[in-house]
$ cat my_file_27.txt   # compact mmCIF, C-alpha atoms
# COMPACT_ATOMS: atom_id res chain seq x y z
CA THR A 1 30.41 -9.31 -8.09
CA LEU A 2 26.76 -9.54 -7.18
CA LEU A 3 24.44 -11.90 -9.03
CA PHE A 4 20.78 -10.91 -9.45
CA VAL A 5 18.51 -13.93 -9.22
CA ALA A 6 15.24 -13.35 -11.09
CA LEU A 7 12.94 -14.37 -8.28
CA ALA A 8 10.96 -11.12 -8.12
CA VAL A 9 10.30 -11.21 -11.88
CA GLY A 10 8.10 -14.23 -11.32
CA THR A 11 5.71 -12.15 -9.19
CA LEU A 12 4.74 -10.00 -12.17
CA GLY A 13 2.10 -10.80 -14.76
CA ALA A 14 2.45 -9.62 -18.33
CA GLU A 15 0.66 -6.32 -17.64
CA GLU A 16 2.05 -5.63 -14.16
CA ASN A 17 4.93 -3.39 -13.13
CA TRP A 18 7.16 -2.95 -10.06
CA PRO A 19 7.88 0.79 -10.34
CA ARG A 20 9.59 1.76 -7.08
CA PHE A 21 11.14 0.54 -3.84
CA ARG A 22 8.78 -2.22 -2.58
CA GLY A 23 6.58 -2.08 -5.66
CA PRO A 24 3.21 -0.37 -6.26
CA GLY A 25 2.34 1.93 -3.37
CA GLY A 26 5.46 0.79 -1.52
CA SER A 27 3.41 -2.10 -0.17
CA GLY A 28 5.78 -5.01 -0.84
CA VAL A 29 2.77 -7.16 -1.79
CA ALA A 30 2.46 -9.22 -4.99
CA GLU A 31 0.30 -12.00 -6.35
CA ASP A 32 1.81 -15.45 -6.89
CA GLN A 33 2.78 -16.14 -10.50
CA GLY A 34 4.61 -19.37 -9.79
CA VAL A 35 7.32 -18.01 -7.49
CA PRO A 36 9.33 -20.93 -6.07
CA THR A 37 9.81 -21.44 -2.35
CA VAL A 38 13.28 -22.83 -2.96
CA CYS A 39 15.85 -20.36 -4.29
CA ASP A 40 18.85 -22.18 -5.80
CA GLU A 41 20.29 -23.38 -9.11
CA THR A 42 17.28 -25.62 -9.74
CA THR A 43 14.75 -22.76 -9.69
CA ARG A 44 16.86 -19.84 -10.88
CA VAL A 45 15.48 -18.33 -14.11
CA TRP A 46 18.68 -16.44 -14.91
CA SER A 47 21.56 -14.62 -13.28
CA VAL A 48 23.94 -11.97 -14.57
CA PRO A 49 27.06 -10.30 -13.16
CA LEU A 50 26.69 -6.66 -12.13
CA PRO A 51 29.51 -4.09 -12.11
CA GLY A 52 30.01 -4.54 -8.38
CA THR A 53 28.26 -4.11 -5.08
CA GLY A 54 24.88 -2.47 -4.70
CA SER A 55 22.12 -2.53 -2.10
CA SER A 56 19.40 -1.03 -4.29
CA SER A 57 16.36 -3.04 -5.39
CA PRO A 58 15.46 -3.75 -9.01
CA VAL A 59 12.40 -2.11 -10.58
CA VAL A 60 10.41 -3.49 -13.53
CA TRP A 61 8.28 -1.92 -16.26
CA GLY A 62 6.87 -4.35 -18.80
CA GLU A 63 9.76 -6.44 -20.12
CA ALA A 64 12.47 -4.06 -18.84
CA LEU A 65 14.26 -4.47 -15.51
CA PHE A 66 16.41 -1.66 -14.10
CA VAL A 67 19.02 -2.07 -11.35
CA THR A 68 22.19 -0.29 -10.21
CA GLY A 69 25.69 -1.43 -9.34
CA GLU A 70 28.88 0.24 -8.15
CA SER A 71 32.42 -0.02 -9.47
CA LYS A 72 34.18 1.48 -6.48
CA GLU A 73 37.64 1.34 -8.07
CA ASP A 74 36.45 3.43 -11.04
CA GLY A 75 34.25 5.76 -8.97
CA VAL A 76 31.22 4.88 -11.12
CA VAL A 77 27.62 3.83 -10.47
CA SER A 78 25.91 2.13 -13.40
CA LEU A 79 22.19 2.12 -14.16
CA ILE A 80 21.62 -1.14 -16.03
CA CYS A 81 18.62 -2.16 -18.14
CA LEU A 82 18.07 -5.90 -18.57
CA ASP A 83 15.44 -7.95 -20.33
CA ALA A 84 13.23 -9.07 -17.45
CA ARG A 85 12.55 -12.50 -18.94
CA SER A 86 16.01 -13.51 -20.12
CA GLY A 87 18.46 -11.27 -18.23
CA ALA A 88 19.98 -10.07 -21.51
CA LYS A 89 21.63 -6.69 -21.18
CA ARG A 90 19.90 -3.92 -23.13
CA TRP A 91 22.04 -0.95 -22.05
CA ALA A 92 24.00 0.58 -19.18
CA LYS A 93 24.71 4.19 -18.26
CA GLU A 94 27.64 5.23 -16.09
CA LEU A 95 27.24 7.99 -13.51
CA ARG A 96 30.60 9.27 -12.34
CA THR A 97 30.34 9.53 -8.58
CA GLY A 98 34.02 9.59 -7.73
CA ASN A 99 35.08 8.29 -4.35
CA TYR A 100 33.44 9.33 -1.11
CA ARG A 101 33.12 7.88 2.37
CA THR A 102 30.16 5.68 3.33
CA HIS A 103 29.38 3.30 6.16
CA THR A 104 31.10 -0.07 5.72
CA MET A 105 27.69 -1.64 5.00
CA ASN A 106 26.63 1.13 2.61
CA ASN A 107 27.72 1.80 -0.97
CA ALA A 108 27.25 4.33 -3.77
CA ALA A 109 24.58 2.14 -5.43
CA ALA A 110 22.19 2.14 -2.48
CA ALA A 111 19.25 4.12 -3.92
CA THR A 112 16.52 2.16 -5.71
CA PRO A 113 15.48 3.73 -9.06
CA CYS A 114 11.86 4.47 -9.96
CA VAL A 115 10.19 4.03 -13.34
CA ASP A 116 7.01 4.85 -15.26
CA ALA A 117 5.94 4.49 -18.89
CA ASP A 118 8.25 7.30 -20.01
CA VAL A 119 11.36 7.47 -17.82
CA VAL A 120 13.54 5.66 -15.31
CA VAL A 121 14.95 7.94 -12.61
CA VAL A 122 17.92 7.32 -10.32
CA SER A 123 19.70 9.37 -7.66
CA TRP A 124 23.46 9.44 -7.18
CA PHE A 125 26.22 11.54 -5.61
CA ASP A 126 28.67 13.74 -7.51
CA SER A 127 31.66 13.81 -5.16
CA LYS A 128 33.51 16.36 -7.33
CA LYS A 129 30.73 18.92 -6.81
CA ALA A 130 29.76 17.44 -3.40
CA VAL A 131 26.06 17.35 -4.29
CA ALA A 132 23.35 14.73 -4.70
CA MET A 133 21.97 14.40 -8.23
CA LEU A 134 18.87 12.99 -9.92
CA SER A 135 19.06 11.71 -13.51
CA ALA A 136 16.29 10.52 -15.83
CA PHE A 137 16.66 8.25 -18.86
CA SER A 138 14.25 6.99 -21.47
CA HIS A 139 13.51 3.26 -21.61
CA GLY A 140 15.94 3.17 -24.52
CA GLY A 141 18.75 4.66 -22.43
CA GLU A 142 18.77 8.27 -23.71
CA GLU A 143 19.39 10.86 -21.00
CA GLN A 144 16.31 13.08 -20.56
CA TRP A 145 17.24 15.48 -17.76
CA THR A 146 19.34 15.97 -14.63
CA TYR A 147 18.33 17.75 -11.44
CA GLU A 148 20.79 18.91 -8.78
CA ILE A 149 19.35 17.87 -5.41
CA GLY A 150 22.01 19.64 -3.36
CA ALA A 151 24.46 19.05 -0.53
CA PHE A 152 23.90 16.17 1.86
CA LYS A 153 25.16 15.80 5.41
CA GLY A 154 25.00 12.38 7.06
CA GLN A 155 27.17 9.86 8.85
CA HIS A 156 26.65 6.83 6.60
CA GLY A 157 26.66 8.14 3.04
CA ILE A 158 23.74 9.14 0.85
CA ASN A 159 20.57 7.32 -0.19
CA VAL A 160 17.81 9.48 -1.72
CA GLN A 161 15.06 7.27 -3.15
CA PRO A 162 12.61 8.94 -5.56
CA VAL A 163 9.13 7.74 -6.48
CA VAL A 164 7.22 8.54 -9.67
CA GLU A 165 3.44 8.70 -9.94
CA ASP A 166 0.94 10.49 -12.20
CA GLY A 167 3.72 12.25 -14.11
CA LYS A 168 5.51 13.54 -11.01
CA VAL A 169 8.83 12.49 -9.51
CA VAL A 170 8.71 13.03 -5.74
CA LEU A 171 11.71 12.92 -3.44
CA GLU A 172 12.49 13.89 0.12
CA HIS A 173 15.90 15.41 0.73
CA LEU A 174 15.94 15.57 4.51
CA HIS A 175 19.38 15.34 6.07
CA GLN A 176 21.30 16.71 9.05
CA ASP A 177 21.37 20.29 7.74
CA GLY A 178 17.66 20.43 6.91
CA GLY A 179 16.31 20.01 3.41
CA TYR A 180 13.07 19.87 1.44
CA VAL A 181 10.47 17.77 -0.34
CA VAL A 182 10.03 18.39 -4.08
CA ALA A 183 7.91 17.23 -7.02
CA LEU A 184 9.36 17.37 -10.53
CA ALA A 185 7.69 16.87 -13.90
CA ALA A 186 8.69 13.34 -14.89
CA LYS A 187 9.16 14.20 -18.57
CA THR A 188 11.20 17.39 -18.13
CA GLY A 189 12.63 17.49 -14.59
CA LYS A 190 11.06 20.91 -14.08
CA PRO A 191 10.13 21.61 -10.41
CA LEU A 192 6.37 21.73 -9.90
CA TRP A 193 6.48 22.49 -6.18
CA LYS A 194 9.00 22.51 -3.37
CA THR A 195 8.36 22.52 0.39
CA ASP A 196 11.31 23.55 2.55
CA TYR A 197 12.10 21.99 5.92
CA PRO A 198 15.12 23.83 7.38
CA GLU A 199 15.09 21.94 10.70
CA LYS A 200 18.51 20.51 11.53
CA THR A 201 19.14 17.22 13.30
CA GLU A 202 22.02 15.05 14.45
CA LYS A 203 20.70 12.10 12.42
CA ALA A 204 20.13 11.78 8.67
CA THR A 205 17.10 10.08 7.12
CA TYR A 206 16.98 7.15 4.67
CA THR A 207 13.28 6.65 3.98
CA THR A 208 11.22 6.59 0.78
CA PRO A 209 8.17 8.88 0.49
CA LEU A 210 4.71 7.34 0.19
CA VAL A 211 2.18 8.67 -2.32
CA ARG A 212 -1.32 7.52 -1.43
CA LYS A 213 -4.99 8.41 -1.74
CA ARG A 214 -6.34 10.15 1.34
CA HIS A 215 -9.05 8.24 3.13
CA GLY A 216 -12.46 9.53 2.08
CA SER A 217 -11.16 11.26 -1.05
CA GLU A 218 -9.70 10.72 -4.50
CA GLU A 219 -7.07 13.35 -3.69
CA LYS A 220 -3.52 12.14 -3.07
CA GLU A 221 -0.96 13.10 -0.48
CA VAL A 222 2.77 12.60 -0.02
CA VAL A 223 3.76 11.12 3.34
CA VAL A 224 7.33 11.82 4.44
CA VAL A 225 9.15 10.60 7.53
CA SER A 226 12.38 11.95 9.00
CA THR A 227 14.18 12.48 12.28
CA SER A 228 14.00 16.25 11.75
CA VAL A 229 10.31 16.72 10.87
CA GLY A 230 8.62 13.61 12.26
CA VAL A 231 5.73 12.50 10.04
CA ARG A 232 4.10 14.92 7.57
CA GLY A 233 1.38 14.74 4.95
CA LEU A 234 1.68 17.07 1.91
CA ASP A 235 -0.81 17.73 -0.86
CA PHE A 236 0.36 15.80 -3.94
CA GLU A 237 -0.63 18.60 -6.34
CA THR A 238 0.69 21.63 -4.46
CA GLY A 239 3.13 20.47 -1.78
CA LYS A 240 1.13 22.32 0.87
CA GLU A 241 1.36 20.64 4.26
CA ILE A 242 -1.97 19.06 5.26
CA TRP A 243 -1.03 17.55 8.61
CA ALA A 244 2.03 17.15 10.83
CA LEU A 245 3.22 14.98 13.70
CA PRO A 246 6.57 16.51 14.73
CA GLY A 247 8.95 15.56 17.52
CA VAL A 248 8.31 11.82 17.50
CA PHE A 249 11.81 10.60 16.56
CA LYS A 250 15.12 11.06 18.35
CA GLU A 251 17.11 8.59 16.27
CA ARG A 252 17.82 7.83 12.59
CA THR A 253 14.80 6.87 10.49
CA ILE A 254 15.14 4.13 7.86
CA VAL A 255 11.77 2.32 7.97
CA SER A 256 9.62 3.79 5.18
CA PRO A 257 5.94 4.66 5.73
CA VAL A 258 3.41 1.97 4.74
CA ASP A 259 -0.38 2.23 4.45
CA ILE A 260 -1.11 -0.97 6.38
CA LEU A 261 -4.90 -1.01 5.79
CA ALA A 262 -4.69 -0.40 2.04
CA GLY A 263 -6.91 -2.78 0.09
CA SER A 264 -8.71 -4.10 3.17
CA GLY A 265 -11.85 -1.98 2.79
CA ALA A 266 -11.35 -0.61 6.30
CA LYS A 267 -13.07 2.65 7.18
CA ASP A 268 -9.80 4.09 8.35
CA SER A 269 -6.17 4.68 7.37
CA LEU A 270 -3.13 3.70 9.40
CA LEU A 271 0.51 4.34 8.50
CA THR A 272 3.37 2.57 10.23
CA VAL A 273 6.62 4.44 10.89
CA GLY A 274 9.62 4.00 13.15
CA CYS A 275 13.24 4.72 14.00
CA LYS A 276 16.23 3.22 15.76
CA ASN A 277 16.07 1.81 19.32
CA GLY A 278 12.68 0.12 19.16
CA VAL A 279 10.43 3.04 18.23
CA PHE A 280 7.65 1.72 15.98
CA PHE A 281 4.05 2.93 15.85
CA ALA A 282 0.96 3.48 13.71
CA VAL A 283 -0.21 6.95 12.70
CA ARG A 284 -3.86 7.75 11.96
CA PRO A 285 -3.90 10.72 9.56
CA PRO A 286 -6.91 13.04 9.32
CA ASP A 287 -9.87 11.83 7.27
CA ALA A 288 -10.21 13.96 4.12
CA ARG A 289 -13.96 14.40 4.64
CA LYS A 290 -14.28 14.48 8.42
CA GLY A 291 -11.17 16.51 9.12
CA GLY A 292 -9.65 16.37 12.59
CA GLY A 293 -6.05 15.95 13.65
CA VAL A 294 -3.38 13.32 13.28
CA GLU A 295 -2.83 10.88 16.14
CA VAL A 296 -0.81 7.86 17.19
CA ALA A 297 -3.15 4.85 17.06
CA TRP A 298 -0.87 2.31 18.75
CA ARG A 299 2.76 1.60 19.63
CA PHE A 300 4.71 -1.64 19.38
CA GLY A 301 7.32 -1.61 22.13
CA LYS A 302 8.90 -5.01 21.62
CA LYS A 303 11.36 -6.20 18.96
CA ALA A 304 10.87 -3.46 16.35
CA PRO A 305 12.69 -2.96 13.03
CA TYR A 306 15.43 -0.41 12.54
CA VAL A 307 16.05 -1.03 8.81
CA PRO A 308 13.47 -3.46 7.29
CA THR A 309 10.15 -1.91 6.26
CA PRO A 310 7.14 -4.04 7.34
CA VAL A 311 4.52 -5.50 5.03
CA SER A 312 0.73 -5.85 5.38
CA ASP A 313 -2.12 -7.40 3.43
CA GLY A 314 -4.62 -5.23 5.32
CA GLU A 315 -5.58 -8.12 7.62
CA THR A 316 -2.21 -8.87 9.22
CA LEU A 317 0.90 -6.72 9.63
CA TYR A 318 4.20 -8.60 9.43
CA VAL A 319 7.10 -6.94 11.22
CA LEU A 320 10.62 -8.28 10.64
CA GLU A 321 13.24 -7.01 13.07
CA ASP A 322 16.91 -6.68 12.09
CA GLY A 323 17.96 -9.51 14.39
CA GLY A 324 15.46 -11.96 12.86
CA THR A 325 12.40 -11.68 15.10
CA LEU A 326 9.30 -11.95 12.91
CA ALA A 327 6.00 -10.86 14.48
CA ALA A 328 2.44 -10.86 13.15
CA LEU A 329 0.33 -7.97 14.45
CA ASP A 330 -3.29 -6.92 14.26
CA PRO A 331 -2.95 -3.80 12.05
CA LEU A 332 -5.86 -2.04 13.79
CA THR A 333 -4.56 -2.44 17.34
CA GLY A 334 -0.89 -3.44 17.11
CA GLU A 335 -1.65 -6.51 19.26
CA GLU A 336 0.83 -9.33 18.70
CA ARG A 337 -0.75 -12.52 17.30
CA TRP A 338 2.36 -14.66 17.02
CA LYS A 339 6.15 -14.41 16.93
CA GLU A 340 8.89 -16.56 15.41
CA ARG A 341 12.67 -16.31 15.27
CA LEU A 342 14.50 -16.54 11.95
CA MET A 343 18.12 -17.47 12.60
CA ALA A 344 19.71 -14.67 10.57
CA ASN A 345 20.12 -10.90 10.37
CA PHE A 346 18.07 -8.69 8.08
CA TYR A 347 18.33 -5.31 6.34
CA ALA A 348 16.20 -6.16 3.29
CA SER A 349 12.44 -5.70 3.60
CA ALA A 350 10.18 -8.75 3.33
CA LEU A 351 7.87 -9.36 0.36
CA LEU A 352 4.42 -10.88 0.86
CA ILE A 353 3.46 -13.14 -2.05
CA SER A 354 0.11 -14.95 -1.74
CA GLY A 355 0.42 -16.01 1.88
CA LYS A 356 4.18 -16.43 1.95
CA LEU A 357 6.80 -14.05 3.29
CA TYR A 358 10.09 -13.90 1.36
CA CYS A 359 12.85 -12.59 3.63
CA LEU A 360 16.38 -12.15 2.27
CA SER A 361 19.01 -12.14 5.01
CA ARG A 362 22.25 -10.19 5.22
CA GLU A 363 24.03 -13.54 5.01
CA GLY A 364 22.50 -14.21 1.57
CA GLU A 365 19.86 -16.76 2.56
CA MET A 366 16.22 -16.59 1.44
CA PHE A 367 13.79 -17.47 4.20
CA VAL A 368 10.25 -18.31 3.06
CA ALA A 369 7.68 -18.23 5.85
CA GLU A 370 4.17 -19.66 5.48
CA VAL A 371 1.79 -17.17 7.06

$ encode --input "my_file_27.txt" --output "structure tokens"
Amino acid sequence: TLLFVALAVGTLGAEENWPRFRGPGGSGVAEDQGVPTVCDETTRVWSVPLPGTGSSSPVVWGEALFVTGESKEDGVVSLICLDARSGAKRWAKELRTGNYRTHTMNNAAAATPCVDADVVVVSWFDSKKAVAMLSAFSHGGEEQWTYEIGAFKGQHGINVQPVVEDGKVVLEHLHQDGGYVVALAAKTGKPLWKTDYPEKTEKATYTTPLVRKRHGSEEKEVVVVSTSVGVRGLDFETGKEIWALPGVFKERTIVSPVDILAGSGAKDSLLTVGCKNGVFFAVRPPDARKGGGVEVAWRFGKKAPYVPTPVSDGETLYVLEDGGTLAALDPLTGEERWKERLMANFYASALLISGKLYCLSREGEMFVAEV
């Protein structure tokens, strides 16, 4: 049984939310609200047993925390709502997945939910129908709608992570047999647009889409990353492709795109992406006003992450590699400023909280690095 320690809850003020994988904008950045640097029984706010294993992250809206857990013996994934301050259970909904094969380090509760003021949305796999599903619930636990994502082909099991923003639920369903990117109405589940990508690949994708404002505009775009299509920017309102950087990945993509200059006031945008075997680089998308093409701004050819998504405050980019190498880079150039070795292995992505990096290892240790 996994225990959730309410460390992340301390990063949120009364009016703040943590609505998706890695929080607002997928940045992984939060302000310090008294988060301890020691994580043990003396600083734990609360802990509760979950139904079983799960590698998803919790999301928070107001006083409600949502997280998933798997009961493998029963073939069930549960979406659980807890009181964020006390850990008291508000409700739980069971999604009958049945039994299906995953990687030994994967599980059926791998996908992080997303949440807004109206709904909490979670993806799961219906093994009886052999399709991926998306289900939405109210904050009170009433089912609102279900959307059939479709078949999924991959070697390690499924993990489709939706995001919700401005009344739209966006997900990328890009697997070995092709797929698509879609936006659904958050309140009804009705498709608003769908962009097909039929390209097949030998490697599935496990990234989370990024919704961001285009540089030089108030208009938003959806950035998706996959082995099959490379890096693409789609119009948030229509799904029309704005720019494309295909053919840049030959291996499985897990690192999610991050806008590493967001909040810095820089007169530019850079997005970091990567895949297995040390491929990690920064993409400069076209400026909304000036136009032009997309280009690779820099490449980092040293110890690069395969699973952990990096984190940036706009001034420094922190890159945590699976084997524990932590590097600080200049986000504009990719030049390495310093490097340290954390004696552990990592799949979880680091959080940056007021000058401290919180890095949770695969062995269950929390490393806190002063940066």

$ atom_distance --input "my_file_27.txt" --atom1 "CA of Ser78 in chain A" --atom2 "CA of Ala111 in chain A"
11.8 Å

$ closest_residue --input "my_file_27.txt" --among "A:Ala266, A:Leu65, A:Ala244, A:Val258" --to "Tyr318 in chain A" --atoms "only C-alpha atoms"
A:Val258

$ residues_near_point --input "my_file_27.txt" --point "(13.6, 3.5, -13.9)" --cutoff "8 Å" --atoms "all atoms listed in the file" --output "list in words"
Pro19, Val59, Val60, Trp61, Phe66, Pro113, Cys114, Val115, Asp116, Val119, Val120, Val121, Val122, Ala136, Phe137 and His139 of chain A

$ atom_distance --input "my_file_27.txt" --atom1 "CA of Asp313 in chain A" --atom2 "CA of Gly263 in chain A"
7.4 Å

$ closest_residue --input "my_file_27.txt" --among "A:Leu351, A:Val170, A:Val294, A:Ala130" --to "Val35 in chain A" --atoms "only C-alpha atoms"
A:Leu351

$ closest_atom_pairs --input "my_file_27.txt" --of "range 180-226 of chain A" --to "range 303-307 of chain A" --cutoff "12 Å" --atoms "only C-alpha atoms" --output "CSV"
residue,atom,partner,partner_atom,distance
A:Thr205,CA,A:Val307,CA,11.3
A:Tyr206,CA,A:Val307,CA,9.2
A:Thr207,CA,A:Val307,CA,9.5

$ closest_residue --input "my_file_27.txt" --among "A:Ser361, A:Ser354, A:Ser269, A:Ser123" --to "Asp322 in chain A" --atoms "all atoms listed in the file"
A:Ser361

$ atom_distance --input "my_file_27.txt" --atom1 "CA of Ala84 in chain A" --atom2 "CA of Ile353 in chain A"
18.7 Å

$ closest_residue --input "my_file_27.txt" --among "A:Gly233, A:Gly278, A:Gly54, A:Gly292" --to "Glu251 in chain A" --atoms "only C-alpha atoms"
A:Gly278

$ closest_atom_pairs --input "my_file_27.txt" --of "range 210-310 of chain A" --to "range 24-28 of chain A" --cutoff "7 Å" --atoms "only C-alpha atoms" --output "Markdown table"
| residue | atom | partner | partner_atom | distance |
| --- | --- | --- | --- | --- |
| A:Leu210 | CA | A:Gly26 | CA | 6.8 |
| A:Val211 | CA | A:Gly25 | CA | 6.8 |
| A:Arg212 | CA | A:Gly25 | CA | 7.0 |
| A:Val258 | CA | A:Ser27 | CA | 6.4 |

$ residues_around --input "my_file_27.txt" --residues "Val67 in chain A" --least-positions-apart "5" --cutoff "6 Å" --atoms "all atoms listed in the file" --output "tab-separated table (two decimals) with C-alpha atoms, in the frame of the given file"
chain	number	residue	atom	x	y	z
A	58	PRO	CA	15.46	-3.75	-9.01
A	79	LEU	CA	22.19	2.12	-14.16
A	80	ILE	CA	21.62	-1.14	-16.03

$ closest_residue --input "my_file_27.txt" --among "A:Lys72, A:Val29, A:Arg232, A:Arg299" --to "Gly314 in chain A" --atoms "all atoms listed in the file"
A:Val29

$ residues_around --input "my_file_27.txt" --residues "Gly87 in chain A" --least-positions-apart "4" --cutoff "7 Å" --atoms "all atoms listed in the file" --output "number ranges by chain"
A: 46-48, 82-83

$ closest_residue --input "my_file_27.txt" --among "A:Val229, A:Lys220, A:Val169, A:His175" --to "Phe152 in chain A" --atoms "only C-alpha atoms"
A:His175

$ residues_around --input "my_file_27.txt" --residues "Ala110 in chain A" --least-positions-apart "3" --cutoff "9 Å" --atoms "only C-alpha atoms" --output "number ranges by chain"
A: 54-57, 68-70, 106-107, 124, 158-161

$ residues_near_point --input "my_file_27.txt" --point "(0.2, 9.2, 3.7)" --cutoff "10 Å" --atoms "all atoms listed in the file" --output "PyMOL selection string"
chain A and resi 209-215+220-225+231-235+243+257-259+269-272+283-286

$ write_last_selection --input "my_file_27.txt" --atoms "C-alpha atoms" --output "CSV table (one decimal), in the coordinates of the input"
chain,number,residue,atom,x,y,z
A,209,PRO,CA,8.2,8.9,0.5
A,210,LEU,CA,4.7,7.3,0.2
A,211,VAL,CA,2.2,8.7,-2.3
A,212,ARG,CA,-1.3,7.5,-1.4
A,213,LYS,CA,-5.0,8.4,-1.7
A,214,ARG,CA,-6.3,10.2,1.3
A,215,HIS,CA,-9.0,8.2,3.1
A,220,LYS,CA,-3.5,12.1,-3.1
A,221,GLU,CA,-1.0,13.1,-0.5
A,222,VAL,CA,2.8,12.6,0.0
A,223,VAL,CA,3.8,11.1,3.3
A,224,VAL,CA,7.3,11.8,4.4
A,225,VAL,CA,9.2,10.6,7.5
A,231,VAL,CA,5.7,12.5,10.0
A,232,ARG,CA,4.1,14.9,7.6
A,233,GLY,CA,1.4,14.7,5.0
A,234,LEU,CA,1.7,17.1,1.9
A,235,ASP,CA,-0.8,17.7,-0.9
A,243,TRP,CA,-1.0,17.6,8.6
A,257,PRO,CA,5.9,4.7,5.7
A,258,VAL,CA,3.4,2.0,4.7
A,259,ASP,CA,-0.4,2.2,4.4
A,269,SER,CA,-6.2,4.7,7.4
A,270,LEU,CA,-3.1,3.7,9.4
A,271,LEU,CA,0.5,4.3,8.5
A,272,THR,CA,3.4,2.6,10.2
A,283,VAL,CA,-0.2,7.0,12.7
A,284,ARG,CA,-3.9,7.8,12.0
A,285,PRO,CA,-3.9,10.7,9.6
A,286,PRO,CA,-6.9,13.0,9.3

$ residues_around --input "my_file_27.txt" --residues "Asp126 in chain A" --least-positions-apart "5" --cutoff "12 Å" --atoms "all atoms listed in the file" --output "list in words"
Gly75, Val76, Val77, Leu95, Arg96, Thr97, Gly98, Asn99, Tyr100, Ala108, Val131, Ala132, Met133, Leu134, Ser135, Thr146, Tyr147, Glu148, Ile149, Gly150, Ala151, Phe152 and Ile158 of chain A
